[in-house]
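A.B. asks: Have a look at this one before I ask anything.
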Amino acid sequence: VFQGANSGNGATGAFQSSFIGVNAGQGSSSAFQSNFIGYNSGKLATSAYGSVFIGNDSGNGAINAAQSVFVGRDSGNGATSAADSFFLGYRAGYGASSASASAFLGTSAGDGATNATGGVFIGYQAGLSAVDSVGSVFVGQQAGSGATNTAPSIAIGATATPGAFNNSIAIGTAATSTRDNQFLLPASITSFKVAGMQAFDNDADAATGGLVAGELYQTTGAGAAPLNVAGILMIKQ
């Protein structure tokens with residue numbers, strides 16, 4: 001079904017598809033079983049079969065974006081190698097490349113992101129212009145914006161970012177990683193509580209209780225000095 005001036009004009013390999021809107025699906029190829037709705041949606045898209053592009057310029061010029069869903073004006077516009085992805089919001093995934101199996105939700109989420117396969121960017125400008133953030137999770141306004149070489153990292157909170165450090169976790173507003181393989185909370189977090197932590201007299205008792213090396217426990221206060229104070233945080237050896 002082609003509805004609208006130039007919709008489906010010049011399209012090839014676009015059987016069982018619906019292109020609705022001016023220039024929708026125009027010049028597209030290998031876009032069979034797809035639905036492009038909106039002005040310029042899916043225009044010149046290639047290898048975008050089984051996809052749904054909704055919104056003006058959604059998926060416009062998209063390449064290798066098969067089985068993806070782009071919803072919102074300019075969502076996935078110019079995206080390449082973004083198969084099996086979900087972009088929701090104005091300019092979500094705009095110009096994204098090597099971002100297959102990703103989810104970018106929010107205005108400009110993942111806008112300009114490159115090499116962000118498997119990434120999850122949620123929030124206004126989350127993951128904006130992120131580079132080499134494969135498998136990363138950025139949640140919050142501008143979380144992970146401008147992050148580079150962070151695969152895979154987690155940033156949760158407004159403007160939280162792993163910066164240029166990989167395999168790091170930054171949680172909290174403006175939390176910013178300072179090294180690789182780091183778990184970081186910002187200075188604004190002044191109290192930290194772990195509920196339900198098991199308590200043991202000592203390391204041997206912790207082993208008897210089933211803990212393995214690296215797991216945390218607290219002292220009961222019934223152990224020998226210096227473990228005769230309750231609530232001391234310990235790491236099972």
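All residue names refer to the structure tokens as shown: chains lettered A, B, ... in order, residues numbered from 1 in each chain, ligands numbered from 1 in order.
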Need to verify the contact set: segment 176-179 of chain A, 6 Å, only C-alpha atoms, exclusion of same-chain residues closer than 2 positions in sequence. Can you return it as an MDAnalysis selection string?
C.D. replies: chainID A and resid 160:162 165 170
A.B. asks: I need the chosen residues saved as a PDB file, in the first residue's frame, with N, CA, C and O atoms.
C.D. replies:
ATOM      1  N   ALA A 160      25.107  11.792  34.662  1.00  0.00           N
ATOM      2  CA  ALA A 160      26.057  10.757  35.115  1.00  0.00           C
ATOM      3  C   ALA A 160      26.785  10.197  33.901  1.00  0.00           C
ATOM      4  O   ALA A 160      26.194  10.039  32.826  1.00  0.00           O
ATOM      5  N   THR A 161      28.057   9.900  34.053  1.00  0.00           N
ATOM      6  CA  THR A 161      28.812   9.412  32.900  1.00  0.00           C
ATOM      7  C   THR A 161      30.040   8.593  33.302  1.00  0.00           C
ATOM      8  O   THR A 161      30.668   8.882  34.329  1.00  0.00           O
ATOM      9  N   PRO A 162      30.372   7.589  32.501  1.00  0.00           N
ATOM     10  CA  PRO A 162      31.616   6.862  32.735  1.00  0.00           C
ATOM     11  C   PRO A 162      32.794   7.606  32.122  1.00  0.00           C
ATOM     12  O   PRO A 162      33.936   7.153  32.230  1.00  0.00           O
ATOM     13  N   PHE A 165      36.098   5.881  30.574  1.00  0.00           N
ATOM     14  CA  PHE A 165      36.572   4.700  31.298  1.00  0.00           C
ATOM     15  C   PHE A 165      35.625   3.526  31.057  1.00  0.00           C
ATOM     16  O   PHE A 165      34.410   3.676  31.097  1.00  0.00           O
ATOM     17  N   ALA A 170      28.652   4.346  37.288  1.00  0.00           N
ATOM     18  CA  ALA A 170      28.512   5.643  37.947  1.00  0.00           C
ATOM     19  C   ALA A 170      27.030   5.874  38.202  1.00  0.00           C
ATOM     20  O   ALA A 170      26.234   5.896  37.265  1.00  0.00           O
TER      21      ALA A 170
END
A.B. asks: Among the residues of segment 63-229 of chain A, find those DSSP assigns to strand (DSSP E) from the backbone and print them as a PyMOL selection string.
C.D. replies: chain A and resi 69-71+86-88+103-105+120-122+137-139+154-156+169-171+183-184+199-200+216-219
A.B. asks: What gap, in Å, lies between atom CA of Ile232 of chain A and atom CA of Met197 of chain A?
C.D. replies: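 It comes out at 11.2 Å.
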A.B. asks: Can you pull out every residue within 6 Å of Gly119 of chain A, counting only C-alpha atoms, but drop anything in the same chain fewer than 5 positions away, and send it as an MDAnalysis selection string?
C.D. replies: chainID A and resid 102 134:137
A.B. asks: Suppose we keep N, CA and C atoms; can you now write the selection as a PDB file, in the first residue's frame?
C.D. replies:
ATOM      1  N   SER A 102      19.952  -2.240  19.795  1.00  0.00           N
ATOM      2  CA  SER A 102      20.004  -1.185  20.806  1.00  0.00           C
ATOM      3  C   SER A 102      18.623  -0.600  21.060  1.00  0.00           C
ATOM      4  N   VAL A 134      29.705  -0.025  23.429  1.00  0.00           N
ATOM      5  CA  VAL A 134      29.011  -1.290  23.204  1.00  0.00           C
ATOM      6  C   VAL A 134      28.511  -1.871  24.526  1.00  0.00           C
ATOM      7  N   GLY A 135      27.241  -2.251  24.539  1.00  0.00           N
ATOM      8  CA  GLY A 135      26.684  -2.906  25.708  1.00  0.00           C
ATOM      9  C   GLY A 135      26.517  -2.025  26.927  1.00  0.00           C
ATOM     10  N   SER A 136      26.573  -0.716  26.753  1.00  0.00           N
ATOM     11  CA  SER A 136      26.463   0.199  27.888  1.00  0.00           C
ATOM     12  C   SER A 136      25.016   0.580  28.171  1.00  0.00           C
ATOM     13  N   VAL A 137      24.771   0.991  29.417  1.00  0.00           N
ATOM     14  CA  VAL A 137      23.441   1.420  29.846  1.00  0.00           C
ATOM     15  C   VAL A 137      23.547   2.821  30.423  1.00  0.00           C
TER      16      VAL A 137
END
A.B. asks: Provide the atom CA of Asn40 of chain A to atom CA of Gly118 of chain A distance in Å, to one decimal place.
C.D. replies: 26.9 Å
A.B. asks: From the set A:Ala45, A:Val139, A:Ala187, A:Leu128, which residue has the shortest atom-to-atom contact distance to Ser153 of chain A, counting only C-alpha atoms?
C.D. replies: A:Val139
A.B. asks: To test your reading of the structure, identify every residue in segment 17-219 of chain A that backbone DSSP assigns to alpha helix (DSSP H), and report it as a PyMOL selection string.
C.D. replies: chain A and resi 203-208
A.B. asks: List the neighbours of segment 58-60 of chain A out to 8 Å using only C-alpha atoms; skip same-chain residues closer than 4 positions along the sequence, and give me the result as a PyMOL selection string.
C.D. replies: chain A and resi 38+40-45+53-54+70-79
A.B. asks: Would you export the selected residues with all heavy atoms as a short mmCIF file (atom, residue, chain, number, x, y, z; two decimals), in the first residue's frame, please?
C.D. replies:
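Output file part.cif follows:
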data_model
loop_
_atom_site.label_atom_id
_atom_site.label_comp_id
_atom_site.auth_asym_id
_atom_site.auth_seq_id
_atom_site.Cartn_x
_atom_site.Cartn_y
_atom_site.Cartn_z
N GLY A 38 4.77 8.66 7.46
CA GLY A 38 5.20 10.03 7.71
C GLY A 38 6.01 10.57 6.54
O GLY A 38 6.56 9.82 5.72
N ASN A 40 8.76 11.53 4.26
CA ASN A 40 10.14 11.05 4.08
C ASN A 40 10.49 9.84 4.94
O ASN A 40 11.67 9.46 5.02
CB ASN A 40 11.16 12.15 4.35
CG ASN A 40 11.32 13.11 3.19
OD1 ASN A 40 10.93 12.81 2.06
ND2 ASN A 40 11.89 14.27 3.45
N SER A 41 9.53 9.25 5.62
CA SER A 41 9.85 8.08 6.44
C SER A 41 10.32 6.94 5.54
O SER A 41 9.69 6.62 4.53
CB SER A 41 8.61 7.63 7.23
OG SER A 41 7.54 7.29 6.37
N GLY A 42 11.46 6.36 5.88
CA GLY A 42 12.00 5.24 5.10
C GLY A 42 12.46 5.60 3.70
O GLY A 42 12.79 4.71 2.91
N LYS A 43 12.53 6.88 3.39
CA LYS A 43 13.00 7.29 2.06
C LYS A 43 14.45 6.84 1.86
O LYS A 43 15.29 7.05 2.74
CB LYS A 43 12.89 8.81 1.92
CG LYS A 43 13.38 9.34 0.57
CD LYS A 43 13.25 10.85 0.50
CE LYS A 43 13.77 11.38 -0.82
NZ LYS A 43 13.66 12.87 -0.90
N LEU A 44 14.70 6.16 0.77
CA LEU A 44 16.04 5.66 0.42
C LEU A 44 16.58 4.65 1.43
O LEU A 44 17.78 4.38 1.46
CB LEU A 44 17.03 6.82 0.27
CG LEU A 44 16.70 7.86 -0.81
CD1 LEU A 44 17.74 8.98 -0.81
CD2 LEU A 44 16.63 7.22 -2.19
N ALA A 45 15.72 4.12 2.26
CA ALA A 45 16.16 3.10 3.21
C ALA A 45 16.54 1.82 2.47
O ALA A 45 15.91 1.45 1.49
CB ALA A 45 15.05 2.80 4.20
N PHE A 53 8.78 2.42 10.71
CA PHE A 53 9.29 3.78 10.89
C PHE A 53 8.07 4.71 10.93
O PHE A 53 7.31 4.79 9.96
CB PHE A 53 10.20 4.21 9.73
CG PHE A 53 11.41 3.32 9.52
CD1 PHE A 53 12.04 3.28 8.28
CD2 PHE A 53 11.92 2.54 10.54
CE1 PHE A 53 13.16 2.47 8.07
CE2 PHE A 53 13.03 1.73 10.35
CZ PHE A 53 13.66 1.69 9.11
N ILE A 54 7.88 5.42 12.03
CA ILE A 54 6.73 6.30 12.18
C ILE A 54 7.19 7.70 12.59
O ILE A 54 7.86 7.86 13.62
CB ILE A 54 5.75 5.76 13.23
CG1 ILE A 54 5.24 4.36 12.83
CG2 ILE A 54 4.57 6.71 13.40
CD1 ILE A 54 4.34 3.71 13.87
N PHE A 70 11.49 2.59 14.62
CA PHE A 70 11.89 3.98 14.85
C PHE A 70 10.62 4.81 14.94
O PHE A 70 9.85 4.88 13.97
CB PHE A 70 12.76 4.51 13.70
CG PHE A 70 14.03 3.74 13.43
CD1 PHE A 70 14.65 3.80 12.19
CD2 PHE A 70 14.61 2.94 14.40
CE1 PHE A 70 15.82 3.10 11.93
CE2 PHE A 70 15.77 2.22 14.16
CZ PHE A 70 16.38 2.29 12.91
N VAL A 71 10.38 5.44 16.08
CA VAL A 71 9.16 6.22 16.27
C VAL A 71 9.51 7.63 16.73
O VAL A 71 10.16 7.81 17.77
CB VAL A 71 8.23 5.56 17.30
CG1 VAL A 71 6.96 6.39 17.47
CG2 VAL A 71 7.86 4.14 16.87
N GLY A 72 9.09 8.61 15.97
CA GLY A 72 9.36 10.01 16.31
C GLY A 72 10.03 10.71 15.15
O GLY A 72 10.74 10.09 14.34
N ARG A 73 9.83 11.98 15.03
CA ARG A 73 10.44 12.74 13.94
C ARG A 73 11.96 12.62 13.97
O ARG A 73 12.59 12.80 15.01
CB ARG A 73 10.03 14.22 14.03
CG ARG A 73 10.61 15.08 12.92
CD ARG A 73 9.83 16.38 12.75
NE ARG A 73 9.88 17.23 13.93
CZ ARG A 73 10.77 18.22 14.09
NH1 ARG A 73 11.70 18.44 13.17
NH2 ARG A 73 10.72 18.97 15.17
N ASP A 74 12.50 12.26 12.84
CA ASP A 74 13.96 12.09 12.66
C ASP A 74 14.54 10.92 13.46
O ASP A 74 15.76 10.78 13.54
CB ASP A 74 14.73 13.37 13.04
CG ASP A 74 14.69 14.42 11.94
OD1 ASP A 74 14.82 14.04 10.76
OD2 ASP A 74 14.53 15.61 12.24
N SER A 75 13.70 10.10 14.05
CA SER A 75 14.24 8.92 14.73
C SER A 75 14.88 7.99 13.70
O SER A 75 14.30 7.69 12.67
CB SER A 75 13.12 8.18 15.47
OG SER A 75 12.09 7.78 14.58
N GLY A 76 16.11 7.57 13.97
CA GLY A 76 16.81 6.68 13.05
C GLY A 76 17.15 7.29 11.71
O GLY A 76 17.57 6.58 10.79
N ASN A 77 17.00 8.59 11.59
CA ASN A 77 17.34 9.27 10.34
C ASN A 77 18.83 9.10 10.06
O ASN A 77 19.68 9.49 10.86
CB ASN A 77 16.99 10.76 10.46
CG ASN A 77 17.14 11.52 9.15
OD1 ASN A 77 17.82 11.07 8.23
ND2 ASN A 77 16.50 12.67 9.06
N GLY A 78 19.15 8.46 8.93
CA GLY A 78 20.55 8.25 8.58
C GLY A 78 21.25 7.18 9.38
O GLY A 78 22.48 7.03 9.30
N ALA A 79 20.51 6.41 10.14
CA ALA A 79 21.12 5.35 10.94
C ALA A 79 21.67 4.24 10.06
O ALA A 79 21.08 3.91 9.03
CB ALA A 79 20.10 4.76 11.91
#
A.B. asks: Pick out the residues sitting within 12 Å of Val131 of chain A, and hand them over as a VMD selection string; count only C-alpha atoms, and ignore anything fewer than 3 positions along from it in its own chain.
C.D. replies: chain A and resid 96 to 99 110 to 117 119 127 to 128 134 to 136 144 to 152 162 to 166
A.B. asks: Write out the residues from the selection above, keeping N, CA, C and O atoms, as a CSV table (one decimal), in the first residue's frame.
C.D. replies:
chain,number,residue,atom,x,y,z
A,96,ALA,N,22.9,7.4,14.0
A,96,ALA,CA,23.6,6.3,14.8
A,96,ALA,C,24.2,5.3,13.9
A,96,ALA,O,23.6,5.0,12.8
A,97,SER,N,25.4,4.8,14.2
A,97,SER,CA,26.0,3.8,13.4
A,97,SER,C,26.5,2.6,14.3
A,97,SER,O,26.9,2.9,15.4
A,98,SER,N,26.5,1.4,13.7
A,98,SER,CA,26.9,0.3,14.5
A,98,SER,C,26.2,0.2,15.8
A,98,SER,O,26.8,0.1,16.9
A,99,ALA,N,24.9,0.4,15.7
A,99,ALA,CA,24.1,0.4,16.9
A,99,ALA,C,22.9,-0.6,16.8
A,99,ALA,O,21.8,-0.4,17.2
A,110,GLY,N,20.9,8.7,22.0
A,110,GLY,CA,21.7,8.0,21.0
A,110,GLY,C,22.0,8.7,19.8
A,110,GLY,O,22.5,8.2,18.8
A,111,ASP,N,21.6,10.0,19.8
A,111,ASP,CA,21.8,10.9,18.6
A,111,ASP,C,23.3,10.9,18.3
A,111,ASP,O,24.2,11.3,19.1
A,112,GLY,N,23.7,10.4,17.1
A,112,GLY,CA,25.1,10.5,16.7
A,112,GLY,C,26.0,9.4,17.4
A,112,GLY,O,27.2,9.4,17.3
A,113,ALA,N,25.4,8.5,18.1
A,113,ALA,CA,26.1,7.4,18.7
A,113,ALA,C,26.8,6.5,17.7
A,113,ALA,O,26.2,6.2,16.7
A,114,THR,N,28.0,6.1,18.0
A,114,THR,CA,28.7,5.2,17.1
A,114,THR,C,29.3,4.0,17.9
A,114,THR,O,29.7,4.2,19.0
A,115,ASN,N,29.3,2.8,17.2
A,115,ASN,CA,29.8,1.6,17.9
A,115,ASN,C,29.1,1.4,19.2
A,115,ASN,O,29.8,1.3,20.2
A,116,ALA,N,27.8,1.5,19.2
A,116,ALA,CA,27.0,1.3,20.5
A,116,ALA,C,26.1,0.1,20.4
A,116,ALA,O,25.0,0.2,21.0
A,117,THR,N,26.6,-0.9,19.8
A,117,THR,CA,25.8,-2.1,19.7
A,117,THR,C,25.3,-2.6,21.1
A,117,THR,O,26.1,-2.7,22.0
A,119,GLY,N,23.4,-1.2,23.2
A,119,GLY,CA,23.3,-0.2,24.2
A,119,GLY,C,21.9,0.1,24.5
A,119,GLY,O,21.0,0.0,23.7
A,127,GLY,N,23.3,9.2,26.1
A,127,GLY,CA,24.2,8.6,25.1
A,127,GLY,C,24.4,9.5,23.8
A,127,GLY,O,24.9,9.0,22.8
A,128,LEU,N,24.1,10.7,23.9
A,128,LEU,CA,24.3,11.7,22.8
A,128,LEU,C,25.8,11.6,22.4
A,128,LEU,O,26.7,11.8,23.2
A,134,VAL,N,29.7,0.0,23.4
A,134,VAL,CA,29.0,-1.3,23.2
A,134,VAL,C,28.5,-1.9,24.5
A,134,VAL,O,29.2,-1.9,25.5
A,135,GLY,N,27.2,-2.3,24.5
A,135,GLY,CA,26.7,-2.9,25.7
A,135,GLY,C,26.5,-2.0,26.9
A,135,GLY,O,26.3,-2.5,28.0
A,136,SER,N,26.6,-0.7,26.8
A,136,SER,CA,26.5,0.2,27.9
A,136,SER,C,25.0,0.6,28.2
A,136,SER,O,24.2,0.5,27.3
A,144,GLY,N,25.7,9.6,30.1
A,144,GLY,CA,26.6,9.1,29.1
A,144,GLY,C,26.8,10.0,27.9
A,144,GLY,O,27.4,9.5,26.9
A,145,SER,N,26.3,11.2,27.9
A,145,SER,CA,26.5,12.1,26.8
A,145,SER,C,28.0,12.3,26.6
A,145,SER,O,28.7,12.7,27.5
A,146,GLY,N,28.4,12.1,25.3
A,146,GLY,CA,29.8,12.3,25.0
A,146,GLY,C,30.7,11.2,25.5
A,146,GLY,O,32.0,11.4,25.4
A,147,ALA,N,30.2,10.2,26.1
A,147,ALA,CA,31.1,9.1,26.6
A,147,ALA,C,31.9,8.4,25.5
A,147,ALA,O,31.4,8.3,24.4
A,148,THR,N,33.1,8.1,25.8
A,148,THR,CA,34.0,7.4,24.8
A,148,THR,C,34.7,6.2,25.4
A,148,THR,O,35.1,6.2,26.6
A,149,ASN,N,34.9,5.2,24.6
A,149,ASN,CA,35.6,4.0,25.0
A,149,ASN,C,35.2,3.5,26.4
A,149,ASN,O,36.0,3.2,27.3
A,150,THR,N,33.9,3.3,26.5
A,150,THR,CA,33.4,2.9,27.8
A,150,THR,C,32.8,1.5,27.9
A,150,THR,O,32.3,1.1,28.9
A,151,ALA,N,32.9,0.7,26.8
A,151,ALA,CA,32.3,-0.6,26.8
A,151,ALA,C,32.8,-1.5,27.8
A,151,ALA,O,34.0,-1.7,27.9
A,152,PRO,N,31.9,-2.3,28.5
A,152,PRO,CA,30.5,-1.8,28.7
A,152,PRO,C,30.4,-1.1,30.1
A,152,PRO,O,31.1,-1.6,31.0
A,162,PRO,N,30.4,7.6,32.5
A,162,PRO,CA,31.6,6.9,32.7
A,162,PRO,C,32.8,7.6,32.1
A,162,PRO,O,33.9,7.2,32.2
A,163,GLY,N,32.5,8.7,31.5
A,163,GLY,CA,33.6,9.5,30.8
A,163,GLY,C,34.3,8.7,29.8
A,163,GLY,O,33.7,8.4,28.8
A,164,ALA,N,35.5,8.5,30.0
A,164,ALA,CA,36.3,7.7,29.0
A,164,ALA,C,36.9,6.4,29.6
A,164,ALA,O,37.9,5.9,29.2
A,165,PHE,N,36.1,5.9,30.6
A,165,PHE,CA,36.6,4.7,31.3
A,165,PHE,C,35.6,3.5,31.1
A,165,PHE,O,34.4,3.7,31.1
A,166,ASN,N,36.2,2.4,30.8
A,166,ASN,CA,35.4,1.2,30.5
A,166,ASN,C,35.1,0.3,31.7
A,166,ASN,O,35.7,0.4,32.7
A.B. asks: When you count only C-alpha atoms, which of these residues is closest to Ala65 of chain A: A:Gly89, A:Gly13, A:Gly157, A:Gly95?
C.D. replies: A:Gly95
A.B. asks: Please compute the atom CA of Thr12 of chain A-atom CA of Leu88 of chain A distance, one decimal, in Å.
C.D. replies: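 For atom CA of Thr12 of chain A relative to atom CA of Leu88 of chain A, the distance reads 26.8 Å.
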A.B. asks: Of the residues A:Leu227, A:Val22, A:Ala206, A:Val69, which is the one nearest to Ser34 of chain A, using only C-alpha atoms?
C.D. replies: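 That would be A:Val69, the residue with the smallest distance to Ser34 of chain A.
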A.B. asks: If you count only C-alpha atoms, which residues fall within 12 Å of Ala204 of chain A, apart from same-chain ones fewer than 6 positions away, as a PyMOL selection string?
C.D. replies: chain A and resi 210-213+217+219+223+235-237
A.B. asks: Produce a file of the selected residues containing C-alpha atoms, as a PDB file, in the first residue's frame.
C.D. replies:
ATOM      1  CA  GLY A 210      27.862 -20.554  53.073  1.00  0.00           C
ATOM      2  CA  LEU A 211      29.657 -17.370  52.044  1.00  0.00           C
ATOM      3  CA  VAL A 212      32.433 -17.578  49.478  1.00  0.00           C
ATOM      4  CA  ALA A 213      35.483 -15.378  48.911  1.00  0.00           C
ATOM      5  CA  TYR A 217      29.138  -9.724  55.757  1.00  0.00           C
ATOM      6  CA  THR A 219      30.350  -8.801  62.437  1.00  0.00           C
ATOM      7  CA  GLY A 223      33.923 -12.611  67.945  1.00  0.00           C
ATOM      8  CA  ILE A 235      34.919  -9.266  53.039  1.00  0.00           C
ATOM      9  CA  LYS A 236      34.993 -13.064  53.089  1.00  0.00           C
ATOM     10  CA  GLN A 237      38.549 -14.225  52.434  1.00  0.00           C
TER      11      GLN A 237
END
